[in-house]
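What follows is one structure encoded as structure tokens, with my remarks underneath.
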Amino acid sequence: MGIRTGAEYIQALKTNKPDVWMGGRKITDIVNEDNFKQPIREIARLYDMQHDPKYQDSITRISDETGERVSNAFIVPKNYDDLMARKDLYSTWAEETFGLMGRTPDFLNITVTSMASSPEFFDDFNPQWYENVKNYHKYIRDNDLFLTHALVNPQADRSKASHEQEEEFAHLGAVEETSEGIIVRGAKMLATLAPVTDEVIVYPFPGFKPGDEKYTLSFAVPIDTPGLRLLCREPMQDGKRPIADHPLASRFEESDAILIFNDVLVPWHRVFLYNNVDAGNQLYGRTGLSQNTHQNAVRGLVKLRFAQQIASKIADSIGVDGFLNVQTQLGELVQSVETIRALLRVSEEEYEIKANGEAVPNPIPLETIRGILPKAYPRAIEVIQTIGAAGLILPPTHADMDIPELKQDIDRYYKGRAGISSVERIKLLKLGWDLSGEAFGQRLVQYERYYSGDPVRKLGMFYNNYKKRQKTFPMVDRALSEADASKNMVDSKS
Ligand SMILES: Cc1cc2nc3c(=O)[nH]c(=O)nc-3n(C[C@H](O)[C@H](O)[C@H](O)COP(=O)(O)OP(=O)(O)OC[C@H]3O[C@@H](n4cnc5c(N)ncnc54)[C@H](O)[C@@H]3O)c2cc1C
């Protein structure tokens, strides 16, 4: 099939029958559920862009393998141009959603593409796992599927390993093997957008201890696999509020769900890793699973720039951007954006070709972005809150604005500096409040902190990787040897 349309994506959602629970209800009609309707439309629009002549050549390409047009996310980049073609996809979709949807289909499609181009890792453990990954990659490429993923175990007791938890299957683990596959039980948190996806892929971060064998699992199953339950968090909007009043929250909310596996059968051909602590600990670092840092960085830059522009426009609209204290806050945001833009550029210009021939951006600047964004984005939100002040929380609804009796008051008392009408200012403040005040905006902050794992442990991993690449300290060694040499000179004089 190759690239699918938005209508084909929606049709697939109508056919899938996942076991979804939210707000005390079982959701049986996913596409007509108030909370999911609009985000589904946004994702469908992205699929349609693949067919739009304006974007098609920059975000899709003809596959050498099948002769069909496929998303750039499924192509293994071999050189700089390929890498940039992939980036075109990330930035086109991120711009379309203002960077507010972190888990658009490209995110996991590239993850599986990278996994499928890492045979050397799987060959060290079990070549059959690689066959399974390779076939899975072809399957999702040729059907243009949308995946969610779940890496992390429920918090339960973080000071204990999986096999030490009070409940044997608090963490997802294998119960038994059958001729058809593995039966798995337990939970994984959390899977963003799960109810509106086609499939879920499970893979772990490192951190397994001896004794955790049965918990070391990676596999993929359809989202409506029998026994798989999706328990969604409380929605942050009711799906009924007008987009005019909540221009971001009513469009881009990504739901999140805990996945509960009640004795789910994972067929052998869908098993990518199993029953091996070493393999579980090495999978993330050795299979390019972290390649989605490039997508994250491109999307994160768009989101930060959006927040920066909102802050600046609000400041301008009420005539406060001439004050030094406001300028320093706005200047700080511009510098954050420029820092991330520069790091992204460096990572791409300094791309590397891995042993398997895959072109990858330099991971050091990309991981540096990963370290900076969890601080820069919340700061941008704080600046919007500080500059918008009470103005952010006061705008009337569009229903108020439609009442003739109120029109004169609204026109008079909600306007901004000369040239900024009340309607213009109210609309702008609604954008600002959705991003900085609504529960929707707070989730986006939490997302930026945690979307790719605990930033504390990620920074530790970053330092370990940096040390592996930078094994020596040549400047320090030279300074020490020059000090030694000059000591000899002094000694010889005396
Ligand atoms: C909005 C949002 C969307 C997400 N979407 C997805 C998704 O689609 N798929 C997915 O798989 N995951 C997703 N995640 C989950 C994400 O992977 C986790 O939040 C992240 O890995 C951190 O795990 P945790 O939340 O369980 O925090 P914990 O690991 O429980 O950490 C809690 C606190 O304890 C500290 N801590 C815990 N353990 C240690 C330790 N061993 N050493 C030092 N400090 C420690 C942490 O630093 C942190 O401050 C999402 C998260 C958010 C917030």
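Residues in the structure tokens are named by chain (A, B, ... in the order shown) and by number from 1 within that chain; ligands are numbered from 1 in the order shown.
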
query: Quick one: residues within 7 Å of ligand 1, with only C-alpha atoms and all ligand atoms, as a ChimeraX atom specification?
result: /A:103,148-155,158-159,189-192,256,443-444,446-447,449-457

message: Residues near region 422-436 of chain A, anyone? I mean within 9 Å using only C-alpha atoms, not counting same-chain ones fewer than 6 positions away, as a PyMOL selection string.
response: chain A and resi 244-249+307+310-311+313-314+317-318+380-382+384-385+388+391-397+401+410-416+442+444-445

- request: Assign secondary structure with DSSP using the backbone only, and return the residues of region 285-408 of chain A in strand (DSSP E or B) as an NGL selection string.
  value: :A and (352-353 or 359-360)

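One finds CA of Arg229 (chain A) at 17.7 Å from CA of Val31 (chain A).
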
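Excluding Thr97 (chain A) and any residue on its chain fewer than 4 positions from it, the residues at most 8 Å away by only C-alpha atoms are Glu42, Trp93, Met101 and Phe252 of chain A.
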
Residue subset to file, keeping N, CA and C atoms, as a PDB file, in the first residue's frame:
```
ATOM      1  N   GLU A  42      -6.161  15.788  13.504  1.00  0.00           N
ATOM      2  CA  GLU A  42      -4.828  16.387  13.314  1.00  0.00           C
ATOM      3  C   GLU A  42      -3.863  15.356  12.731  1.00  0.00           C
ATOM      4  N   TRP A  93       5.938  18.103   9.736  1.00  0.00           N
ATOM      5  CA  TRP A  93       4.858  17.681  10.637  1.00  0.00           C
ATOM      6  C   TRP A  93       4.883  18.473  11.951  1.00  0.00           C
ATOM      7  N   MET A 101       2.518  18.117  19.332  1.00  0.00           N
ATOM      8  CA  MET A 101       2.243  16.680  19.352  1.00  0.00           C
ATOM      9  C   MET A 101       3.589  15.956  19.243  1.00  0.00           C
ATOM     10  N   PHE A 252      -4.876  19.752  20.172  1.00  0.00           N
ATOM     11  CA  PHE A 252      -3.642  18.955  20.155  1.00  0.00           C
ATOM     12  C   PHE A 252      -3.425  18.085  21.386  1.00  0.00           C
TER      13      PHE A 252
END
```

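Here CA of Phe208 (chain A) is placed at a distance of 20.0 Å from CA of Phe261 (chain A).
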
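Considering only C-alpha atoms, the residue among A:Gly186, A:Pro195, A:Pro127, A:Gly6 positioned nearest to Leu231 (chain A) is A:Pro195.
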
What lies within 12 Å of Asp238 (chain A) using only C-alpha atoms, ignoring chain neighbours under 4 positions off, as a CSV table (one decimal) with N, CA and C atoms, in the first residue's frame?
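Result file is around-v4.csv:
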```csv
chain,number,residue,atom,x,y,z
A,22,MET,N,-11.8,5.2,30.0
A,22,MET,CA,-11.5,6.5,30.4
A,22,MET,C,-12.7,7.2,31.1
A,23,GLY,N,-12.3,7.8,32.3
A,23,GLY,CA,-13.4,8.5,33.0
A,23,GLY,C,-14.5,7.6,33.4
A,33,GLU,N,-15.4,9.5,19.7
A,33,GLU,CA,-15.2,9.9,21.1
A,33,GLU,C,-14.8,11.4,21.2
A,34,ASP,N,-15.5,12.2,22.0
A,34,ASP,CA,-15.2,13.7,22.0
A,34,ASP,C,-13.8,14.0,22.3
A,35,ASN,N,-13.1,13.2,23.2
A,35,ASN,CA,-11.8,13.5,23.5
A,35,ASN,C,-10.7,13.2,22.5
A,36,PHE,N,-11.1,12.2,21.6
A,36,PHE,CA,-10.2,11.8,20.6
A,36,PHE,C,-10.4,12.4,19.2
A,37,LYS,N,-11.6,12.9,19.0
A,37,LYS,CA,-12.0,13.3,17.7
A,37,LYS,C,-11.0,14.3,17.0
A,38,GLN,N,-10.7,15.3,17.8
A,38,GLN,CA,-9.9,16.4,17.2
A,38,GLN,C,-8.4,15.9,17.0
A,234,GLU,N,-7.2,10.9,33.2
A,234,GLU,CA,-8.3,11.8,33.0
A,234,GLU,C,-8.0,12.8,31.9
A,242,PRO,N,-15.1,25.0,22.5
A,242,PRO,CA,-14.8,25.5,21.1
A,242,PRO,C,-13.3,25.8,20.9
A,243,ILE,N,-12.9,25.5,19.7
A,243,ILE,CA,-11.5,25.7,19.4
A,243,ILE,C,-11.2,27.2,19.4
A,246,HIS,N,-10.2,27.6,23.0
A,246,HIS,CA,-9.0,26.9,23.4
A,246,HIS,C,-8.3,26.4,22.1
A,249,ALA,N,-5.5,23.7,23.2
A,249,ALA,CA,-5.9,22.6,24.0
A,249,ALA,C,-7.0,21.7,23.4
A,250,SER,N,-7.9,22.4,22.6
A,250,SER,CA,-9.0,21.7,22.0
A,250,SER,C,-8.5,21.0,20.7
A,251,ARG,N,-7.3,21.2,20.3
A,251,ARG,CA,-6.9,20.6,19.0
A,251,ARG,C,-5.8,19.5,19.3
A,253,GLU,N,-4.4,17.8,22.2
A,253,GLU,CA,-4.2,17.0,23.4
A,253,GLU,C,-3.9,15.6,23.0
A,255,SER,N,-3.6,12.0,24.4
A,255,SER,CA,-4.0,11.2,25.6
A,255,SER,C,-2.8,10.3,26.0
A,439,ALA,N,-4.4,22.8,32.0
A,439,ALA,CA,-3.8,21.5,32.3
A,439,ALA,C,-3.1,20.9,31.0
A,440,PHE,N,-3.7,21.2,29.9
A,440,PHE,CA,-3.0,20.8,28.6
A,440,PHE,C,-1.6,21.4,28.5
```

task: Give me the residues within 9 Å of region 278-290 of chain A as number ranges by chain, counting only C-alpha atoms and dropping any in the same chain fewer than 5 places off.
output: A: 110-122, 124-125, 203-210, 213, 215-218, 273, 452

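Counting only C-alpha atoms, the residue from A:Gln56, A:Asn79, A:Gln470, A:Asn292 that sits nearest to Gly357 (chain A) is A:Asn79.
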
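Pairwise distance (CA of Tyr90 (chain A), CA of Thr5 (chain A)) equals 17.7 Å.
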
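Nearest to Ile40 (chain A) of all the residues A:Gly99, A:Pro18, A:Pro77, A:Pro105 is A:Pro105, based on only C-alpha atoms.
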
message: Applying 12 Å and only C-alpha atoms, which residues near Thr66 (chain A) remain after dropping the ones on its own chain fewer than 5 positions away? List them as JSON, numbers by chain.
response: {"A": [1, 2, 61, 74, 75, 138, 139, 141, 142]}

query: as an NGL selection string, which residues of region 271-428 of chain A does DSSP assign to helix (DSSP H, G or I)?
result: :A and (277-286 or 289-317 or 324-349 or 363-393 or 398-401 or 404-413 or 422-428)

query: Could you name the residues that touch region 334-340 of chain A at 12 Å or less, counting only C-alpha atoms, but leaving out those on the same chain fewer than 5 positions away, as a VMD selection string?
result: chain A and resid 294 296 to 312 327 to 329 345 to 347 365 to 380 383
